[in-house]
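coords.cif follows; it contains mmCIF, C-alpha atoms.
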```cif
data_query
#
loop_
_atom_site.label_atom_id
_atom_site.label_comp_id
_atom_site.auth_asym_id
_atom_site.auth_seq_id
_atom_site.Cartn_x
_atom_site.Cartn_y
_atom_site.Cartn_z
CA MET A 287 110.82 202.07 -125.12
CA SER A 288 109.92 205.24 -123.30
CA GLN A 289 111.44 208.53 -124.45
CA GLN A 290 111.68 209.85 -120.90
CA ALA A 291 114.43 208.52 -118.66
CA SER A 292 115.71 211.21 -116.30
CA VAL A 293 116.58 208.72 -113.54
CA PRO A 294 120.00 206.98 -113.97
CA ASN A 295 119.66 203.56 -115.55
CA SER A 296 121.49 200.57 -114.06
CA ARG A 297 122.42 199.34 -117.54
CA PRO A 298 122.37 202.32 -119.94
CA TRP A 299 124.11 200.34 -122.71
CA LEU A 300 121.15 197.94 -122.72
CA LEU A 301 118.75 200.88 -123.08
CA GLY A 302 120.86 202.06 -126.06
CA VAL A 303 120.69 198.58 -127.59
CA ARG A 304 116.90 198.45 -127.11
CA GLU A 305 116.33 201.88 -128.55
CA SER A 306 118.43 201.26 -131.64
CA ILE A 307 116.57 198.04 -132.51
CA PRO A 308 114.28 199.94 -134.95
CA LEU A 309 117.39 200.85 -136.95
CA LEU A 310 117.92 197.19 -137.81
CA GLY A 311 114.84 197.25 -140.05
CA GLY A 312 116.64 199.72 -142.27
CA TYR A 313 120.23 198.56 -141.81
CA ILE A 314 120.01 194.81 -142.38
CA PRO A 315 118.18 194.81 -145.78
CA VAL A 316 120.48 197.55 -147.14
CA ALA A 317 123.59 195.78 -145.77
CA ILE A 318 122.44 192.52 -147.41
CA SER A 319 122.10 194.41 -150.72
CA PHE A 320 125.59 195.87 -150.24
CA GLY A 321 127.13 192.46 -149.55
CA LEU A 322 125.44 190.99 -152.62
CA ILE A 323 126.48 193.86 -154.92
CA ALA A 324 130.06 193.83 -153.61
CA VAL A 325 130.45 190.11 -154.36
CA GLN A 326 128.83 190.55 -157.79
CA SER A 327 131.32 193.38 -158.46
CA GLY A 328 134.26 191.03 -157.89
CA PHE A 329 135.05 191.55 -154.19
CA THR A 330 135.31 188.54 -151.87
CA ALA A 331 132.95 188.16 -148.88
CA TRP A 332 135.81 189.08 -146.50
CA GLU A 333 136.63 192.20 -148.49
CA ALA A 334 132.95 193.27 -148.47
CA VAL A 335 132.88 192.81 -144.67
CA ALA A 336 136.16 194.76 -144.33
CA ILE A 337 134.60 197.69 -146.23
CA SER A 338 131.58 197.66 -143.88
CA VAL A 339 133.79 197.42 -140.77
CA LEU A 340 136.16 200.22 -141.80
CA ILE A 341 134.13 202.76 -143.79
CA TYR A 342 130.68 202.07 -142.24
CA ALA A 343 128.71 204.59 -144.31
CA GLY A 344 125.97 203.20 -146.55
CA ALA A 345 125.79 205.30 -149.71
CA SER A 346 129.54 205.87 -149.95
CA GLN A 347 130.25 202.12 -149.71
CA PHE A 348 128.01 201.44 -152.71
CA LEU A 349 129.84 204.20 -154.60
CA PHE A 350 133.27 202.85 -153.53
CA VAL A 351 132.48 199.36 -154.83
CA ALA A 352 130.87 200.59 -158.07
CA MET A 353 133.75 202.96 -158.91
CA VAL A 354 136.46 200.39 -158.13
CA ALA A 355 134.61 197.78 -160.24
CA ALA A 356 134.33 200.31 -163.10
CA GLY A 357 138.10 200.87 -162.97
CA ALA A 358 137.98 204.53 -161.88
CA PRO A 359 141.28 206.10 -160.68
CA LEU A 360 141.67 205.28 -156.99
CA TRP A 361 142.36 208.91 -155.92
CA PHE A 362 139.03 209.83 -157.55
CA VAL A 363 137.27 206.97 -155.71
CA VAL A 364 138.61 208.29 -152.39
CA VAL A 365 137.64 211.92 -153.15
CA MET A 366 134.10 211.04 -154.26
CA THR A 367 133.50 208.72 -151.31
CA LEU A 368 134.72 211.34 -148.82
CA LEU A 369 132.59 214.03 -150.51
CA ILE A 370 129.45 211.94 -149.93
CA ASN A 371 130.43 211.51 -146.27
CA ALA A 372 131.22 215.22 -145.79
CA ARG A 373 127.79 215.87 -144.23
CA HIS A 374 129.00 213.98 -141.15
CA VAL A 375 131.15 216.97 -140.09
CA VAL A 376 128.14 218.75 -138.55
CA TYR A 377 126.89 215.75 -136.55
CA GLY A 378 129.59 215.55 -133.83
CA PRO A 379 129.59 219.27 -132.91
CA ASN A 380 125.79 219.14 -132.64
CA LEU A 381 126.04 216.48 -129.92
CA VAL A 382 128.78 218.25 -127.91
CA PRO A 383 126.44 220.01 -125.41
CA TRP A 384 125.35 216.57 -124.14
CA LEU A 385 128.69 214.73 -124.22
CA THR A 386 130.53 214.02 -120.99
CA THR A 387 134.28 214.42 -120.42
CA SER A 388 135.12 210.79 -121.22
CA ARG A 389 138.07 210.18 -123.56
CA TRP A 390 136.04 207.46 -125.29
CA TRP A 391 133.79 209.88 -127.20
CA PRO A 392 136.16 210.66 -130.13
CA TRP A 393 136.63 206.91 -130.79
CA LEU A 394 132.90 206.22 -130.52
CA MET A 395 132.31 208.73 -133.31
CA HIS A 396 133.14 205.93 -135.80
CA GLY A 397 129.56 204.81 -135.10
CA LEU A 398 128.07 208.25 -135.77
CA THR A 399 125.95 207.41 -138.81
CA ASP A 400 122.98 209.49 -140.02
CA GLN A 401 120.55 207.35 -138.05
CA ILE A 402 122.59 207.16 -134.83
CA PHE A 403 123.01 210.94 -134.96
CA ALA A 404 119.23 211.42 -135.34
CA LEU A 405 118.58 209.07 -132.41
CA ALA A 406 121.33 210.52 -130.19
CA HIS A 407 120.34 214.13 -130.94
CA THR A 408 116.92 213.39 -129.46
CA ARG A 409 117.80 210.93 -126.69
CA LEU A 410 121.07 212.25 -125.19
CA PRO A 411 119.45 215.46 -123.81
CA GLN A 412 116.77 213.31 -122.13
CA LEU A 413 119.26 210.99 -120.40
CA PRO A 414 121.16 211.69 -117.16
CA PRO A 415 124.83 212.60 -118.00
CA GLU A 416 126.19 209.42 -116.37
CA ASP A 417 124.09 207.23 -118.72
CA ARG A 418 125.00 208.91 -122.00
CA LEU A 419 128.29 207.15 -122.78
CA GLY A 420 126.82 203.70 -122.08
CA TRP A 421 123.67 204.48 -124.06
CA PHE A 422 125.70 205.65 -127.09
CA PHE A 423 128.07 202.67 -126.80
CA GLY A 424 125.21 200.12 -126.76
CA GLY A 425 123.17 201.77 -129.49
CA SER A 426 125.98 202.45 -131.93
CA LEU A 427 127.58 199.04 -131.40
CA LEU A 428 124.33 197.20 -132.20
CA ALA A 429 123.89 199.30 -135.35
CA TRP A 430 127.51 198.67 -136.44
CA PHE A 431 127.28 194.92 -135.80
CA SER A 432 123.98 194.69 -137.69
CA TRP A 433 125.58 196.47 -140.65
CA ILE A 434 128.58 194.10 -140.60
CA GLY A 435 126.38 191.01 -140.09
CA GLY A 436 124.00 192.08 -142.87
CA THR A 437 126.95 192.59 -145.24
CA ALA A 438 128.31 189.11 -144.45
CA LEU A 439 124.86 187.58 -144.94
CA GLY A 440 124.40 189.40 -148.25
CA ALA A 441 127.85 188.40 -149.49
CA VAL A 442 127.35 184.72 -148.63
CA ALA A 443 123.64 184.17 -149.30
CA GLY A 444 122.24 187.48 -150.59
CA LYS A 445 120.92 186.07 -153.86
CA GLU A 446 118.99 183.26 -152.16
CA LEU A 447 117.65 185.59 -149.45
CA THR A 448 116.35 188.25 -151.85
CA GLN A 449 114.75 185.56 -154.03
CA GLN A 450 113.07 183.82 -151.09
CA TRP A 451 111.81 186.88 -149.19
CA PRO A 452 111.61 189.76 -151.69
CA LEU A 453 108.84 191.45 -149.68
CA LEU A 454 110.92 191.66 -146.51
CA GLY A 455 113.59 193.73 -148.23
CA GLU A 456 110.90 196.05 -149.54
CA VAL A 457 108.98 196.53 -146.28
CA MET A 458 111.61 196.63 -143.50
CA PRO A 459 113.43 199.78 -144.71
CA PHE A 460 110.25 201.77 -143.87
CA ALA A 461 111.52 201.57 -140.27
CA LEU A 462 113.94 204.40 -141.12
CA PRO A 463 111.43 207.10 -142.21
CA ALA A 464 109.20 205.98 -139.31
CA LEU A 465 112.09 206.47 -136.87
CA PHE A 466 113.00 209.88 -138.30
CA LEU A 467 109.35 210.92 -138.10
CA VAL A 468 109.06 209.95 -134.42
CA LEU A 469 112.25 211.91 -133.65
CA LEU A 470 111.13 214.89 -135.71
CA ALA A 471 107.47 215.26 -134.69
CA PRO A 472 108.08 217.06 -131.34
CA ARG A 473 110.26 219.64 -133.12
CA PHE A 474 107.28 221.10 -135.02
CA SER A 475 106.92 223.35 -131.99
CA SER A 476 106.52 226.77 -133.62
CA TRP A 477 105.46 228.30 -136.92
CA VAL A 478 109.10 229.08 -137.88
CA TRP A 479 110.37 225.59 -137.04
CA SER A 480 107.40 223.96 -138.83
CA MET A 481 108.08 225.94 -142.01
CA ALA A 482 111.84 225.28 -141.88
CA LEU A 483 111.44 221.54 -141.23
CA GLY A 484 108.59 221.20 -143.76
CA SER A 485 110.55 222.89 -146.54
CA THR A 486 113.61 220.73 -145.73
CA VAL A 487 111.55 217.54 -146.08
CA VAL A 488 110.04 218.73 -149.40
CA VAL A 489 113.42 219.73 -150.90
CA ALA A 490 115.00 216.42 -149.81
CA LEU A 491 112.06 214.52 -151.30
CA LEU A 492 112.27 216.39 -154.62
CA PHE A 493 116.05 215.90 -154.92
CA THR A 494 115.72 212.18 -154.20
CA LEU A 495 112.87 211.79 -156.71
CA ASN A 496 115.15 213.37 -159.31
CA GLY A 497 117.95 210.90 -158.61
CA MET A 498 120.11 213.25 -156.51
CA SER A 499 119.80 211.51 -153.15
CA ASN A 500 123.48 212.10 -152.23
CA ALA A 501 123.16 215.87 -152.55
CA ALA A 502 119.66 215.87 -151.03
CA ILE A 503 120.62 215.93 -147.31
CA PRO A 504 123.07 218.88 -147.29
CA VAL A 505 121.13 220.90 -149.91
CA ALA A 506 117.76 220.39 -148.17
CA ALA A 507 119.25 221.26 -144.75
CA ILE A 508 120.74 224.49 -146.14
CA ALA A 509 117.37 225.34 -147.79
CA GLY A 510 115.64 224.78 -144.44
CA ALA A 511 118.21 226.97 -142.68
CA ILE A 512 117.55 229.78 -145.19
CA VAL A 513 113.81 229.51 -144.42
CA PHE A 514 114.52 229.48 -140.66
CA PHE A 515 116.80 232.53 -140.62
CA GLY A 516 114.73 234.33 -143.30
CA MET A 517 111.52 234.00 -141.27
CA ASN A 518 113.31 235.05 -138.07
CA ALA A 519 114.69 238.13 -139.84
CA LEU A 520 111.19 239.08 -141.02
CA LYS A 521 109.70 238.83 -137.53
CA MET B 1010 141.62 193.44 -153.91
CA ASP B 1011 145.12 194.53 -154.85
CA SER B 1012 147.22 196.67 -152.50
CA GLY B 1013 146.16 199.90 -154.23
CA ILE B 1014 142.49 199.26 -153.45
CA TRP B 1015 143.36 198.40 -149.84
CA VAL B 1016 145.18 201.72 -149.52
CA ALA B 1017 142.14 203.54 -151.02
CA LEU B 1018 139.90 201.71 -148.54
CA ILE B 1019 142.08 202.63 -145.54
CA VAL B 1020 142.37 206.28 -146.63
CA THR B 1021 138.58 206.50 -147.12
CA ALA B 1022 137.95 204.86 -143.74
CA VAL B 1023 140.39 207.14 -141.88
CA GLY B 1024 139.01 210.21 -143.70
CA THR B 1025 135.42 209.29 -142.82
CA PHE B 1026 136.38 208.67 -139.17
CA LEU B 1027 138.19 212.00 -138.94
CA MET B 1028 135.18 213.82 -140.44
CA ARG B 1029 133.00 212.26 -137.74
CA SER B 1030 135.41 212.73 -134.87
CA LEU B 1031 137.59 215.85 -135.33
CA PRO B 1032 134.78 218.47 -135.56
CA MET B 1033 133.42 217.11 -132.27
CA VAL B 1034 136.84 217.42 -130.58
CA TRP B 1035 137.28 220.94 -132.00
CA MET B 1036 133.87 222.03 -130.71
CA GLN B 1037 134.63 220.59 -127.23
CA ARG B 1038 137.92 222.55 -127.15
CA HIS B 1039 136.17 225.69 -128.41
CA LEU B 1040 133.69 225.47 -125.54
CA VAL B 1041 136.47 224.85 -123.00
CA ARG B 1042 138.43 227.87 -124.33
CA ARG B 1043 135.36 230.04 -123.96
CA LYS B 1044 134.84 228.56 -120.47
CA ALA B 1045 131.19 228.21 -121.39
CA LYS B 1046 128.92 227.34 -118.48
CA ASN B 1047 125.89 226.95 -120.69
CA THR B 1048 127.21 224.99 -123.65
CA MET B 1049 124.00 225.46 -125.67
CA ASP B 1050 124.39 229.26 -125.55
CA ALA B 1051 128.07 229.05 -126.49
CA MET B 1052 127.34 226.97 -129.61
CA PRO B 1053 127.04 228.83 -132.93
CA ILE B 1054 123.29 229.31 -133.61
CA TRP B 1055 123.52 227.97 -137.16
CA LEU B 1056 124.94 224.70 -135.87
CA GLY B 1057 122.07 224.18 -133.44
CA VAL B 1058 119.58 224.88 -136.23
CA LEU B 1059 121.31 222.54 -138.67
CA GLY B 1060 120.93 219.46 -136.42
CA PRO B 1061 117.12 219.06 -136.59
CA LEU B 1062 117.18 220.13 -140.25
CA MET B 1063 119.60 217.30 -141.11
CA ILE B 1064 117.16 214.84 -139.48
CA ALA B 1065 114.30 216.38 -141.53
CA ALA B 1066 116.39 215.97 -144.70
CA MET B 1067 117.08 212.30 -143.86
CA PHE B 1068 113.35 211.83 -143.35
CA GLY B 1069 112.62 213.34 -146.80
CA VAL B 1070 115.23 211.14 -148.50
CA SER B 1071 114.09 207.95 -146.77
CA LEU B 1072 110.42 208.58 -147.66
CA VAL B 1073 111.01 207.72 -151.33
CA PRO B 1074 110.25 203.99 -151.79
CA ALA B 1075 112.86 201.83 -153.53
CA LYS B 1076 110.19 200.65 -156.00
CA ALA B 1077 108.01 203.65 -156.81
CA SER B 1078 104.40 202.63 -157.54
CA LEU B 1079 100.89 203.63 -156.52
CA ALA B 1080 100.94 200.86 -153.91
CA SER B 1081 104.29 201.88 -152.39
CA TRP B 1082 103.30 205.58 -152.22
CA THR B 1083 99.93 204.70 -150.66
CA ALA B 1084 101.75 202.45 -148.19
CA THR B 1085 104.19 205.31 -147.41
CA ALA B 1086 101.37 207.82 -146.80
CA LEU B 1087 99.40 205.43 -144.58
CA GLY B 1088 102.57 204.28 -142.78
CA VAL B 1089 103.47 207.90 -141.97
CA LEU B 1090 99.93 208.60 -140.74
CA VAL B 1091 99.80 205.55 -138.47
CA THR B 1092 103.33 206.24 -137.13
CA LEU B 1093 102.28 209.78 -136.20
CA ILE B 1094 99.02 208.68 -134.54
CA VAL B 1095 100.71 205.94 -132.48
CA ALA B 1096 103.57 208.31 -131.54
CA ARG B 1097 101.03 210.85 -130.26
CA ARG B 1098 99.05 208.23 -128.32
CA THR B 1099 101.92 206.25 -126.77
CA GLY B 1100 104.76 208.80 -126.59
CA SER B 1101 107.16 205.89 -127.09
CA LEU B 1102 109.99 205.38 -129.55
CA GLY B 1103 109.49 201.77 -130.64
CA TRP B 1104 105.75 201.16 -130.96
CA PRO B 1105 105.07 203.87 -133.56
CA ILE B 1106 107.81 202.35 -135.74
CA VAL B 1107 106.40 198.82 -135.35
CA ALA B 1108 102.91 200.12 -136.23
CA GLY B 1109 104.21 202.15 -139.21
CA VAL B 1110 106.17 199.23 -140.67
CA ALA B 1111 103.21 196.85 -140.13
CA THR B 1112 100.90 199.28 -141.93
CA TYR B 1113 103.37 199.76 -144.78
CA GLY B 1114 103.82 195.99 -145.11
CA GLY B 1115 100.07 195.36 -144.91
CA VAL B 1116 99.33 197.73 -147.77
CA ILE B 1117 102.11 196.26 -149.96
CA LEU B 1118 100.93 192.72 -149.21
CA LEU B 1119 97.32 193.67 -149.98
CA ALA B 1120 98.34 195.31 -153.26
CA ASN B 1121 100.44 192.28 -154.27
CA THR B 1122 97.52 189.93 -153.49
CA ALA B 1123 94.91 192.07 -155.24
CA PHE B 1124 96.85 192.80 -158.46
#
```
Take the structure in this file and express it as structure tokens.
Amino acid sequence: MSQQASVPNSRPWLLGVRESIPLLGGYIPVAISFGLIAVQSGFTAWEAVAISVLIYAGASQFLFVAMVAAGAPLWFVVVMTLLINARHVVYGPNLVPWLTTSRWWPWLMHGLTDQIFALAHTRLPQLPPEDRLGWFFGGSLLAWFSWIGGTALGAVAGKELTQQWPLLGEVMPFALPALFLVLLAPRFSSWVWSMALGSTVVVALLFTLNGMSNAAIPVAAIAGAIVFFGMNALK
Amino acid sequence: MDSGIWVALIVTAVGTFLMRSLPMVWMQRHLVRRKAKNTMDAMPIWLGVLGPLMIAAMFGVSLVPAKASLASWTATALGVLVTLIVARRTGSLGWPIVAGVATYGGVILLANTAF
């Protein structure tokens, strides 16, 4: 799983699949929880899977199911769910410098989750242009399928699974912070970047500890940007 | 699910897809209009800064364990440390994550056995 691959790969989609395997540690346990909660909230297994296929955005799916089950007005459910997903608007433009001219890219953006963005933002610049579409296709498809499969598993046998292997659901999600850390570490390249990234992590941590995990990502990123531009202005 | 919920689901799904896809298409067109040779230079600076910061924010959010306890925080700290060390030594993407998760799991298992 080397991070350097400047020579064209014969099967870039396979490289994408391999490199997104660490995501499964975070995706599958959370998807199992989603499937279980959706069924307990009155949705059928097929409906839970349909939500994962179509929306494919973790936190907002939990909110969608909880609000529908609580009988909230449907327009309000849609607005709240879209608000949580609004952070995605900055992901696509950030990848543009490394995207090729293929017409497939806009459609592949359905798979642009937080984690795939983090992975692609680091890996696409390191890959030869001709490998990028295949890499993204393989990586995002594996992540999407694991989310759908985890949801189905949770909806059908989530209760039994969480009772039998409670530790697995607790340990595997650590793959996500570990992945983000590996992607982030090389970016602590200067004093300004270190301060901006460090303050972003602290703000996100504090917001999450205070039960505001949905607001944490955009607010922390804006706080980090203020530190970045503030320090640059003072130079 | 009644038809109203299906409509809400479809609208949410289409809205989420458009939020992921349209800004990318707009940025591609913006760069074409500006006939940018170096796309990185033609990108707004704030956008380039926001990318790594979003990853840092995701890292901060994901650090908080689902079950907060002394054991889970100790496991998080040690898991982070081992991930960093292995990342520095191997320079790979997968092995640091395997080592970090194994460390995290080891500490949780040890704490569950001891207490």
Spell out the residues picked by the PyMOL selection byres ((chain B) within 6 of (chain A)) here, as a ChimeraX atom specification. /B:1021-1022,1026,1028-1030,1032-1033,1036,1048-1049,1062-1066,1068-1072,1101-1103,1106,1110,1114
Mind dumping the selected residues with C-alpha atoms as a PDB file, in the coordinates of the input?
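Written file, out_14.pdb:
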```pdb
ATOM      1  CA  THR B1021     138.580 206.500-147.120  1.00  0.00           C
ATOM      2  CA  ALA B1022     137.950 204.860-143.740  1.00  0.00           C
ATOM      3  CA  PHE B1026     136.380 208.670-139.170  1.00  0.00           C
ATOM      4  CA  MET B1028     135.180 213.820-140.440  1.00  0.00           C
ATOM      5  CA  ARG B1029     133.000 212.260-137.740  1.00  0.00           C
ATOM      6  CA  SER B1030     135.410 212.730-134.870  1.00  0.00           C
ATOM      7  CA  PRO B1032     134.780 218.470-135.560  1.00  0.00           C
ATOM      8  CA  MET B1033     133.420 217.110-132.270  1.00  0.00           C
ATOM      9  CA  MET B1036     133.870 222.030-130.710  1.00  0.00           C
ATOM     10  CA  THR B1048     127.210 224.990-123.650  1.00  0.00           C
ATOM     11  CA  MET B1049     124.000 225.460-125.670  1.00  0.00           C
ATOM     12  CA  LEU B1062     117.180 220.130-140.250  1.00  0.00           C
ATOM     13  CA  MET B1063     119.600 217.300-141.110  1.00  0.00           C
ATOM     14  CA  ILE B1064     117.160 214.840-139.480  1.00  0.00           C
ATOM     15  CA  ALA B1065     114.300 216.380-141.530  1.00  0.00           C
ATOM     16  CA  ALA B1066     116.390 215.970-144.700  1.00  0.00           C
ATOM     17  CA  PHE B1068     113.350 211.830-143.350  1.00  0.00           C
ATOM     18  CA  GLY B1069     112.620 213.340-146.800  1.00  0.00           C
ATOM     19  CA  VAL B1070     115.230 211.140-148.500  1.00  0.00           C
ATOM     20  CA  SER B1071     114.090 207.950-146.770  1.00  0.00           C
ATOM     21  CA  LEU B1072     110.420 208.580-147.660  1.00  0.00           C
ATOM     22  CA  SER B1101     107.160 205.890-127.090  1.00  0.00           C
ATOM     23  CA  LEU B1102     109.990 205.380-129.550  1.00  0.00           C
ATOM     24  CA  GLY B1103     109.490 201.770-130.640  1.00  0.00           C
ATOM     25  CA  ILE B1106     107.810 202.350-135.740  1.00  0.00           C
ATOM     26  CA  VAL B1110     106.170 199.230-140.670  1.00  0.00           C
ATOM     27  CA  GLY B1114     103.820 195.990-145.110  1.00  0.00           C
TER      28      GLY B1114
END
```
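The gap separating CA of Val1058 in chain B from CA of Gly516 in chain A is 12.8 Å, in Å to one decimal.
Interatomic distance, CA of Ala1086 in chain B against CA of Gly1109 in chain B: 9.9 Å.
For the pair CA of Leu1031 in chain B and CA of Met1052 in chain B, the interatomic distance is 16.2 Å.
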Residues in the PyMOL selection byres ((chain A and resi 299) around 12), expressed as an MDAnalysis selection string: chainID A and resid 294:298 300:306 413 416:428
